[in-house]
$ cat coords-v7.pdb   # PDB, C-alpha atoms
ATOM      1  CA  MET A 170      61.953 149.138  88.565
ATOM      2  CA  ALA A 171      65.477 150.489  88.775
ATOM      3  CA  LYS A 172      67.289 153.028  86.598
ATOM      4  CA  LEU A 173      64.167 154.861  85.444
ATOM      5  CA  THR A 174      63.038 157.306  88.099
ATOM      6  CA  ILE A 175      59.873 159.298  88.641
ATOM      7  CA  ALA A 176      61.973 162.405  88.018
ATOM      8  CA  ASP A 177      63.012 161.032  84.613
ATOM      9  CA  LEU A 178      59.382 160.474  83.663
ATOM     10  CA  LYS A 179      58.352 163.911  84.948
ATOM     11  CA  LYS A 180      61.018 165.537  82.760
ATOM     12  CA  ILE A 181      59.787 163.563  79.734
ATOM     13  CA  LYS A 182      56.222 164.747  80.460
ATOM     14  CA  GLU A 183      57.309 168.401  80.603
ATOM     15  CA  ASP A 184      59.270 168.132  77.362
ATOM     16  CA  TYR A 185      56.392 166.335  75.675
ATOM     17  CA  HIS A 186      53.873 169.039  76.516
ATOM     18  CA  GLN A 187      56.214 171.811  75.374
ATOM     19  CA  GLY A 188      56.589 170.215  71.946
ATOM     20  CA  LEU A 189      53.052 168.920  71.521
ATOM     21  CA  ARG A 190      51.442 169.640  68.176
ATOM     22  CA  GLU A 191      47.702 170.075  67.746
ATOM     23  CA  GLY A 192      45.727 167.593  65.658
ATOM     24  CA  GLY A 193      46.015 163.901  64.881
ATOM     25  CA  PHE A 194      48.602 161.833  63.097
ATOM     26  CA  ARG A 195      49.765 162.880  59.637
ATOM     27  CA  VAL A 196      51.640 159.658  58.897
ATOM     28  CA  LYS A 197      51.101 156.050  59.912
ATOM     29  CA  ILE A 198      53.938 153.564  59.442
ATOM     30  CA  THR A 199      53.053 149.882  59.630
ATOM     31  CA  VAL A 200      55.885 147.354  59.897
ATOM     32  CA  HIS A 201      54.743 143.920  58.770
ATOM     33  CA  MET A 202      55.701 141.631  61.613
ATOM     34  CA  GLY A 203      54.607 138.148  60.599
ATOM     35  CA  THR A 204      57.001 135.232  61.119
ATOM     36  CA  CYS A 205      58.420 135.878  57.640
ATOM     37  CA  GLY A 206      58.954 139.569  58.320
ATOM     38  CA  ILE A 207      60.580 138.969  61.693
ATOM     39  CA  ALA A 208      62.902 136.335  60.215
ATOM     40  CA  ALA A 209      63.838 138.723  57.404
ATOM     41  CA  GLY A 210      64.709 141.645  59.680
ATOM     42  CA  ALA A 211      61.494 143.548  60.493
ATOM     43  CA  ARG A 212      62.607 144.189  64.082
ATOM     44  CA  GLY A 213      65.716 145.968  62.800
ATOM     45  CA  ILE A 214      63.538 148.072  60.499
ATOM     46  CA  MET A 215      61.401 149.028  63.498
ATOM     47  CA  ASN A 216      64.573 150.003  65.391
ATOM     48  CA  THR A 217      65.605 152.235  62.507
ATOM     49  CA  ILE A 218      62.187 153.902  62.418
ATOM     50  CA  MET A 219      62.355 154.517  66.183
ATOM     51  CA  GLU A 220      65.808 156.082  65.808
ATOM     52  CA  GLU A 221      64.750 158.321  62.922
ATOM     53  CA  LEU A 222      61.571 159.348  64.711
ATOM     54  CA  ALA A 223      63.571 160.338  67.793
ATOM     55  CA  LYS A 224      66.009 162.361  65.662
ATOM     56  CA  SER A 225      63.249 164.086  63.690
ATOM     57  CA  ASN A 226      61.290 165.218  66.769
ATOM     58  CA  LEU A 227      58.077 164.721  64.753
ATOM     59  CA  LYS A 228      54.956 164.355  66.904
ATOM     60  CA  ASP A 229      52.489 163.460  64.158
ATOM     61  CA  VAL A 230      53.804 160.034  63.144
ATOM     62  CA  ALA A 231      52.215 156.808  64.400
ATOM     63  CA  ILE A 232      54.028 153.500  64.189
ATOM     64  CA  THR A 233      52.460 150.095  64.497
ATOM     65  CA  THR A 234      52.925 146.474  63.483
ATOM     66  CA  SER A 235      50.729 144.070  61.575
ATOM     67  CA  GLY A 236      50.892 140.457  60.479
ATOM     68  CA  CYS A 237      52.134 138.932  57.240
ATOM     69  CA  ALA A 238      51.088 140.929  54.171
ATOM     70  CA  GLY A 239      51.135 137.792  52.000
ATOM     71  CA  LEU A 240      54.355 138.622  50.166
ATOM     72  CA  CYS A 241      56.825 136.694  52.313
ATOM     73  CA  SER A 242      59.636 136.771  49.752
ATOM     74  CA  GLN A 243      59.487 140.582  49.715
ATOM     75  CA  GLU A 244      59.991 141.034  53.473
ATOM     76  CA  PRO A 245      60.886 143.109  55.372
ATOM     77  CA  MET A 246      58.056 145.395  54.360
ATOM     78  CA  THR A 247      56.374 148.552  55.580
ATOM     79  CA  THR A 248      53.214 150.337  54.549
ATOM     80  CA  ILE A 249      53.252 154.106  54.875
ATOM     81  CA  GLU A 250      50.004 156.048  54.900
ATOM     82  CA  THR A 251      49.989 159.824  54.749
ATOM     83  CA  THR A 252      46.892 161.971  55.023
ATOM     84  CA  GLY A 253      45.213 162.404  51.660
ATOM     85  CA  GLN A 254      47.563 160.017  49.830
ATOM     86  CA  PRO A 255      47.233 156.344  48.888
ATOM     87  CA  PRO A 256      49.175 153.942  51.139
ATOM     88  CA  ILE A 257      52.582 152.925  49.786
ATOM     89  CA  LYS A 258      54.054 149.459  50.346
ATOM     90  CA  TYR A 259      57.844 149.288  50.512
ATOM     91  CA  THR A 260      59.539 145.923  50.130
ATOM     92  CA  ALA A 261      62.913 144.208  50.643
ATOM     93  CA  LEU A 262      63.910 146.901  53.094
ATOM     94  CA  THR A 263      67.291 147.509  54.627
ATOM     95  CA  GLU A 264      68.268 149.972  57.323
ATOM     96  CA  GLU A 265      69.706 152.289  54.676
ATOM     97  CA  LYS A 266      66.576 152.175  52.508
ATOM     98  CA  MET A 267      64.391 152.798  55.566
ATOM     99  CA  ARG A 268      66.388 155.882  56.545
ATOM    100  CA  LYS A 269      65.939 157.299  53.027
ATOM    101  CA  ILE A 270      62.209 156.508  53.053
ATOM    102  CA  PHE A 271      61.847 158.197  56.432
ATOM    103  CA  ALA A 272      63.631 161.341  55.258
ATOM    104  CA  GLU A 273      61.880 161.621  51.905
ATOM    105  CA  HIS A 274      58.419 160.150  52.451
ATOM    106  CA  VAL A 275      57.682 160.544  56.155
ATOM    107  CA  VAL A 276      59.392 163.901  56.686
ATOM    108  CA  ALA A 277      59.174 165.530  53.240
ATOM    109  CA  GLY A 278      56.035 163.814  51.929
ATOM    110  CA  ARG A 279      57.576 162.453  48.717
ATOM    111  CA  PRO A 280      57.204 158.670  48.231
ATOM    112  CA  VAL A 281      60.426 156.877  47.270
ATOM    113  CA  THR A 282      59.171 155.169  44.156
ATOM    114  CA  GLU A 283      62.360 153.173  43.522
ATOM    115  CA  TYR A 284      61.702 151.118  46.685
ATOM    116  CA  ALA A 285      57.903 150.986  46.403
ATOM    117  CA  LEU A 286      56.000 147.913  45.318
ATOM    118  CA  VAL A 287      52.558 149.441  45.084
ATOM    119  CA  ALA A 288      50.535 152.536  45.855
ATOM    120  CA  GLY A 289      47.010 151.993  47.116
ATOM    121  CA  HIS A 290      45.490 148.843  45.730
ATOM    122  CA  GLU A 291      45.910 149.302  41.979
ATOM    123  CA  THR A 292      48.894 151.432  40.993
ATOM    124  CA  THR A 293      52.177 149.591  40.695
ATOM    125  CA  TYR A 294      55.396 151.568  40.409
TER     126      TYR A 294
ATOM    127  CA  MET B 232      65.115 132.456  63.189
ATOM    128  CA  GLU B 233      68.525 133.059  64.737
ATOM    129  CA  GLU B 234      67.571 134.460  68.139
ATOM    130  CA  ILE B 235      65.223 133.350  70.895
ATOM    131  CA  SER B 236      64.208 136.993  71.276
ATOM    132  CA  LEU B 237      62.898 136.930  67.680
ATOM    133  CA  HIS B 238      60.825 133.819  68.413
ATOM    134  CA  ILE B 239      59.398 135.605  71.463
ATOM    135  CA  LEU B 240      58.492 138.615  69.313
ATOM    136  CA  ASP B 241      56.759 136.282  66.866
ATOM    137  CA  ILE B 242      54.740 134.586  69.606
ATOM    138  CA  ALA B 243      53.825 137.942  71.152
ATOM    139  CA  GLU B 244      52.722 139.247  67.748
ATOM    140  CA  ASN B 245      50.426 136.207  67.549
ATOM    141  CA  SER B 246      48.963 137.351  70.867
ATOM    142  CA  LEU B 247      48.297 140.793  69.410
ATOM    143  CA  ARG B 248      46.620 139.294  66.345
ATOM    144  CA  ALA B 249      44.452 137.298  68.775
ATOM    145  CA  GLY B 250      43.256 140.546  70.336
ATOM    146  CA  ALA B 251      45.298 140.389  73.528
ATOM    147  CA  LYS B 252      45.277 143.491  75.735
ATOM    148  CA  ASN B 253      47.712 141.996  78.232
ATOM    149  CA  VAL B 254      50.845 139.999  77.497
ATOM    150  CA  GLU B 255      53.196 138.616  80.116
ATOM    151  CA  ILE B 256      56.618 137.273  79.177
ATOM    152  CA  VAL B 257      58.754 135.483  81.738
ATOM    153  CA  VAL B 258      62.287 134.390  80.897
ATOM    154  CA  ALA B 259      64.046 132.348  83.573
ATOM    155  CA  ARG B 260      67.526 130.939  83.655
ATOM    156  CA  ASP B 261      68.198 128.233  86.236
ATOM    157  CA  ARG B 262      71.915 127.556  86.364
ATOM    158  CA  ALA B 263      71.586 124.608  88.760
ATOM    159  CA  ARG B 264      69.208 122.786  86.395
ATOM    160  CA  ASP B 265      70.930 124.076  83.246
ATOM    161  CA  LEU B 266      67.585 125.313  81.959
ATOM    162  CA  LEU B 267      66.207 128.296  80.136
ATOM    163  CA  THR B 268      62.426 128.583  80.345
ATOM    164  CA  ILE B 269      60.218 131.034  78.500
ATOM    165  CA  ASP B 270      56.553 131.626  79.226
ATOM    166  CA  VAL B 271      54.319 133.877  77.160
ATOM    167  CA  ARG B 272      50.786 134.372  78.464
ATOM    168  CA  ASP B 273      48.071 136.472  76.884
ATOM    169  CA  ASP B 274      44.398 137.278  77.312
ATOM    170  CA  GLY B 275      43.575 136.960  73.616
ATOM    171  CA  THR B 276      40.749 134.960  72.117
ATOM    172  CA  GLY B 277      42.385 131.605  72.801
ATOM    173  CA  MET B 278      42.084 128.481  70.678
ATOM    174  CA  ASP B 279      39.625 125.640  70.631
ATOM    175  CA  ALA B 280      40.801 122.022  70.911
ATOM    176  CA  GLU B 281      40.744 121.467  67.158
ATOM    177  CA  THR B 282      42.906 124.523  66.443
ATOM    178  CA  LEU B 283      45.246 123.656  69.296
ATOM    179  CA  ALA B 284      45.739 120.156  67.921
ATOM    180  CA  ARG B 285      46.842 121.552  64.547
ATOM    181  CA  VAL B 286      48.929 124.516  65.664
ATOM    182  CA  ARG B 287      52.253 122.678  65.293
ATOM    183  CA  ASN B 288      51.494 121.855  61.666
ATOM    184  CA  PRO B 289      53.470 124.338  59.523
ATOM    185  CA  PHE B 290      50.765 124.202  56.868
ATOM    186  CA  PHE B 291      48.041 125.236  59.305
ATOM    187  CA  THR B 292      47.182 128.852  60.048
ATOM    188  CA  THR B 293      44.158 130.829  61.200
ATOM    189  CA  LYS B 294      45.218 133.835  59.131
ATOM    190  CA  HIS B 295      43.927 133.061  55.631
ATOM    191  CA  LYS B 296      47.316 132.249  54.135
ATOM    192  CA  LYS B 297      49.168 129.041  53.365
ATOM    193  CA  THR B 298      51.589 128.531  56.222
ATOM    194  CA  GLY B 299      51.828 129.102  59.955
ATOM    195  CA  LEU B 300      55.460 128.699  60.830
ATOM    196  CA  GLY B 301      55.883 130.566  64.113
ATOM    197  CA  ILE B 302      54.975 127.818  66.592
ATOM    198  CA  PRO B 303      56.570 124.959  64.572
ATOM    199  CA  LEU B 304      59.847 126.883  64.281
ATOM    200  CA  LEU B 305      59.985 127.615  68.009
ATOM    201  CA  ALA B 306      59.067 124.022  68.871
ATOM    202  CA  GLN B 307      61.841 122.791  66.590
ATOM    203  CA  ALA B 308      64.379 125.172  68.148
ATOM    204  CA  ALA B 309      63.400 124.010  71.641
ATOM    205  CA  GLU B 310      63.531 120.323  70.765
ATOM    206  CA  GLN B 311      66.911 120.702  69.068
ATOM    207  CA  ALA B 312      68.201 122.211  72.300
ATOM    208  CA  GLY B 313      67.009 119.328  74.453
ATOM    209  CA  GLY B 314      63.744 120.929  75.499
ATOM    210  CA  GLY B 315      60.217 121.309  74.246
ATOM    211  CA  LEU B 316      57.157 123.494  73.815
ATOM    212  CA  THR B 317      53.687 123.219  75.322
ATOM    213  CA  ILE B 318      50.602 125.327  74.729
ATOM    214  CA  ASP B 319      47.587 125.751  76.974
ATOM    215  CA  SER B 320      44.689 127.585  75.448
ATOM    216  CA  ALA B 321      40.923 127.705  75.431
ATOM    217  CA  PRO B 322      38.403 130.057  73.842
ATOM    218  CA  GLY B 323      37.966 133.069  76.084
ATOM    219  CA  SER B 324      40.835 132.070  78.357
ATOM    220  CA  GLY B 325      43.838 133.286  76.421
ATOM    221  CA  THR B 326      46.928 131.311  75.550
ATOM    222  CA  HIS B 327      50.019 130.235  77.448
ATOM    223  CA  VAL B 328      53.056 129.146  75.437
ATOM    224  CA  SER B 329      55.753 127.509  77.539
ATOM    225  CA  VAL B 330      59.195 126.655  76.203
ATOM    226  CA  THR B 331      62.183 124.965  77.807
ATOM    227  CA  LEU B 332      65.708 124.686  76.416
ATOM    228  CA  GLN B 333      68.876 123.245  77.853
ATOM    229  CA  TRP B 334      71.011 126.328  78.507
ATOM    230  CA  SER B 335      74.363 124.708  77.708
ATOM    231  CA  HIS B 336      73.132 122.811  74.643
ATOM    232  CA  ILE B 337      75.282 123.478  71.608
ATOM    233  CA  ASP B 338      72.174 123.999  69.457
ATOM    234  CA  ARG B 339      70.479 126.485  71.778
ATOM    235  CA  PRO B 340      69.941 129.709  69.849
ATOM    236  CA  LYS B 341      71.400 132.814  71.464
ATOM    237  CA  MET B 342      68.995 134.975  73.449
ATOM    238  CA  GLY B 343      69.678 137.973  71.211
ATOM    239  CA  ALA B 344      68.344 141.484  71.556
ATOM    240  CA  MET B 345      65.425 141.006  73.928
ATOM    241  CA  ALA B 346      65.308 144.740  74.612
ATOM    242  CA  ASP B 347      64.632 145.335  70.904
ATOM    243  CA  THR B 348      61.796 142.808  71.006
ATOM    244  CA  LEU B 349      60.166 144.557  73.978
ATOM    245  CA  LEU B 350      60.640 148.036  72.510
ATOM    246  CA  THR B 351      59.168 146.901  69.186
ATOM    247  CA  MET B 352      56.055 145.735  71.001
ATOM    248  CA  ILE B 353      55.790 148.902  73.095
ATOM    249  CA  ALA B 354      56.450 151.213  70.127
ATOM    250  CA  GLY B 355      53.982 149.464  67.846
ATOM    251  CA  HIS B 356      51.274 148.791  70.407
ATOM    252  CA  PRO B 357      51.207 151.429  73.131
ATOM    253  CA  GLU B 358      47.727 150.263  74.096
ATOM    254  CA  LEU B 359      49.107 146.879  75.145
ATOM    255  CA  ASP B 360      49.821 146.235  78.805
ATOM    256  CA  LEU B 361      53.095 144.327  78.776
ATOM    257  CA  VAL B 362      54.840 142.664  81.672
ATOM    258  CA  TYR B 363      58.351 141.325  81.169
ATOM    259  CA  GLU B 364      60.066 139.436  83.940
ATOM    260  CA  GLU B 365      63.535 138.017  83.849
ATOM    261  CA  ARG B 366      64.787 135.642  86.522
ATOM    262  CA  VAL B 367      68.399 134.583  86.752
ATOM    263  CA  ASP B 368      68.668 132.229  89.728
ATOM    264  CA  GLY B 369      67.511 134.490  92.592
ATOM    265  CA  ASP B 370      67.697 137.830  90.795
ATOM    266  CA  VAL B 371      64.554 139.289  89.263
ATOM    267  CA  PHE B 372      64.225 142.124  86.744
ATOM    268  CA  ARG B 373      60.697 143.285  85.937
ATOM    269  CA  LEU B 374      59.190 145.762  83.515
ATOM    270  CA  ASP B 375      55.480 146.531  83.825
ATOM    271  CA  THR B 376      54.244 149.070  81.286
ATOM    272  CA  ARG B 377      51.170 149.799  83.424
ATOM    273  CA  GLU B 378      53.439 151.326  86.093
ATOM    274  CA  ILE B 379      55.192 153.467  83.479
ATOM    275  CA  LYS B 380      51.888 154.597  81.944
ATOM    276  CA  ASN B 381      50.547 155.607  85.354
ATOM    277  CA  GLU B 382      53.476 157.965  85.818
ATOM    278  CA  LEU B 383      53.296 159.343  82.277
ATOM    279  CA  ASP B 384      49.623 160.408  82.450
ATOM    280  CA  ASP B 385      48.729 161.555  78.915
ATOM    281  CA  VAL B 386      52.184 161.102  77.396
ATOM    282  CA  PRO B 387      52.104 158.043  75.127
ATOM    283  CA  ILE B 388      54.470 155.298  76.200
ATOM    284  CA  ASN B 389      55.761 155.102  72.635
ATOM    285  CA  ASP B 390      56.896 158.714  72.597
ATOM    286  CA  PRO B 391      60.551 158.604  71.405
ATOM    287  CA  ALA B 392      61.859 160.089  74.658
ATOM    288  CA  VAL B 393      60.065 157.422  76.691
ATOM    289  CA  LEU B 394      61.343 154.656  74.419
ATOM    290  CA  GLU B 395      64.880 155.942  74.801
ATOM    291  CA  ALA B 396      64.520 155.995  78.603
ATOM    292  CA  LEU B 397      63.110 152.465  78.520
ATOM    293  CA  ARG B 398      66.004 151.314  76.345
ATOM    294  CA  GLY B 399      68.448 152.569  78.947
ATOM    295  CA  MET B 400      66.497 150.884  81.730
ATOM    296  CA  LEU B 401      66.424 147.562  79.861
ATOM    297  CA  ARG B 402      70.103 147.784  78.984
ATOM    298  CA  ASP B 403      70.981 148.305  82.654
ATOM    299  CA  GLY B 404      68.619 145.729  84.084
ATOM    300  CA  MET B 405      68.543 142.729  81.774
ATOM    301  CA  ARG B 406      70.911 139.861  82.492
ATOM    302  CA  VAL B 407      69.855 136.722  80.534
TER     303      VAL B 407
END
$ encode --input "coords-v7.pdb" --output "structure tokens"
Amino acid sequence: MAKLTIADLKKIKEDYHQGLREGGFRVKITVHMGTCGIAAGARGIMNTIMEELAKSNLKDVAITTSGCAGLCSQEPMTTIETTGQPPIKYTALTEEKMRKIFAEHVVAGRPVTEYALVAGHETTY
Amino acid sequence: MEEISLHILDIAENSLRAGAKNVEIVVARDRARDLLTIDVRDDGTGMDAETLARVRNPFFTTKHKKTGLGIPLLAQAAEQAGGGLTIDSAPGSGTHVSVTLQWSHIDRPKMGAMADTLLTMIAGHPELDLVYEERVDGDVFRLDTREIKNELDDVPINDPAVLEALRGMLRDGMRV
């Protein structure tokens, strides 16, 4: 495979181990990636999360995808789970909204209630 | 769905929901035959004959909701571009979705950001072994995440620095 050398990967490994934090993940971000989500822009939301994660240098954030959450008209959606807090579902996302959610919820730990549909399974903002 | 690369992401996400640990995507452009072919193979649970017979019905899904639009939308896009879609699948044997489109057809959707589709899969599912192969006439570009993981040892393949390096590699290597 061209353009990505063993030396590149070795450098990434060294940098990774220098910045490694002890413990598991503090935050899990799930991007809902059903057909509805993909058609509505979920891949772009994932791109934004990847960009913000790279800029933040955080090592305790996991990102993943899941299927349709059953609210197709509200896509694109993410669910953000932070340790000790109920999961928050964010709906009708844009790149701009996602950047704000990343800065305030993922980095600073404060959910962005104006974009949230629901917290946990019962509380609706 | 405006891009073929989004359809591919949708099909690959189906593979993940079916428990696939390995997904292979092959995109081939044959200029002489004016064809674009896409093959997505997985080692997920596979489908029985009854499920397979209903998978093109937009009101059929295995996911406890009302619609299952991914396969019907891709089949429609392929047929509108002078091609078609076939699926081979059996329980325990995984699934193979094969799509052909006429490259020069006016209704062929653009390929779109295939690199973003691959990086989304790698970022969201680092446990997945993903092979992507692109063939343009005689030229072949291939990404095999197993080879990358072997070199990375304990560094996760979805570490931001790795994803950025992969993005550069894909940008330089992809041609379709």
$ closest_residue --input "coords-v7.pdb" --among "B:Ala344, B:Gln307, B:Asp360, B:Leu383" --to "Arg402 in chain B" --atoms "only C-alpha atoms"
B:Ala344
$ resolve_selection --input "coords-v7.pdb" --expression "the ChimeraX specification (/A :<6) & /B" --output "number ranges by chain"
B: 232, 241, 301, 355, 391, 400
$ resolve_selection --input "coords-v7.pdb" --expression "the PyMOL selection byres ((chain B and resi 274) around 8)" --output "list in words"
Ser246, Gly250, Ala251, Lys252, Asn253, Val254, Arg272, Asp273, Gly275, Thr276, Gly277, Gly323, Ser324, Gly325 and Thr326 of chain B
$ residues_around --input "coords-v7.pdb" --residues "Val362 in chain B" --least-positions-apart "5" --cutoff "6 Å" --atoms "all atoms listed in the file" --output "PyMOL selection string"
chain B and resi 255+374-375
$ atom_distance --input "coords-v7.pdb" --atom1 "CA of Glu395 in chain B" --atom2 "CA of Met345 in chain B"
15.0 Å
$ closest_residue --input "coords-v7.pdb" --among "B:Arg406, B:Arg262, B:His327, B:Arg248" --to "Gly343 in chain B" --atoms "only C-alpha atoms"
B:Arg406
$ atom_distance --input "coords-v7.pdb" --atom1 "CA of Glu244 in chain A" --atom2 "CA of Ala277 in chain A"
24.5 Å
$ resolve_selection --input "coords-v7.pdb" --expression "the PyMOL selection byres ((chain B and resi 308-322) around 9)" --output "ChimeraX atom specification"
/B:232,235,266,275-280,283,302-307,323-340
$ residues_around --input "coords-v7.pdb" --residues "Thr248 in chain A" --least-positions-apart "3" --cutoff "9 Å" --atoms "only C-alpha atoms" --output "JSON, numbers by chain"
{"A": [197, 198, 199, 200, 201, 256, 257, 258, 259, 260]}
$ atom_distance --input "coords-v7.pdb" --atom1 "CA of Ala259 in chain B" --atom2 "CA of Phe372 in chain B"
10.3 Å
$ closest_residue --input "coords-v7.pdb" --among "A:Arg195, A:Thr251, A:Ala288, A:Pro245" --to "Glu264 in chain A" --atoms "only C-alpha atoms"
A:Pro245
$ residues_around --input "coords-v7.pdb" --residues "Val367 in chain B" --least-positions-apart "5" --cutoff "7 Å" --atoms "only C-alpha atoms" --output "compact mmCIF listing (two decimals) with C-alpha atoms, in the coordinates of the input"
# COMPACT_ATOMS: atom_id res chain seq x y z
CA ALA B 259 64.05 132.35 83.57
CA ARG B 260 67.53 130.94 83.66
CA ASP B 261 68.20 128.23 86.24
CA VAL B 407 69.86 136.72 80.53
$ closest_residue --input "coords-v7.pdb" --among "B:Asp347, B:Glu382, B:Asp265, B:Glu365" --to "Gly399 in chain B" --atoms "all atoms listed in the file"
B:Asp347
$ closest_residue --input "coords-v7.pdb" --among "A:Val276, A:Val281, A:Cys241, A:Met246" --to "Leu262 in chain A" --atoms "all atoms listed in the file"
A:Met246
$ residues_near_point --input "coords-v7.pdb" --point "(49.8, 151.2, 71.1)" --cutoff "9 Å" --atoms "all atoms listed in the file" --output "count of residues only"
13
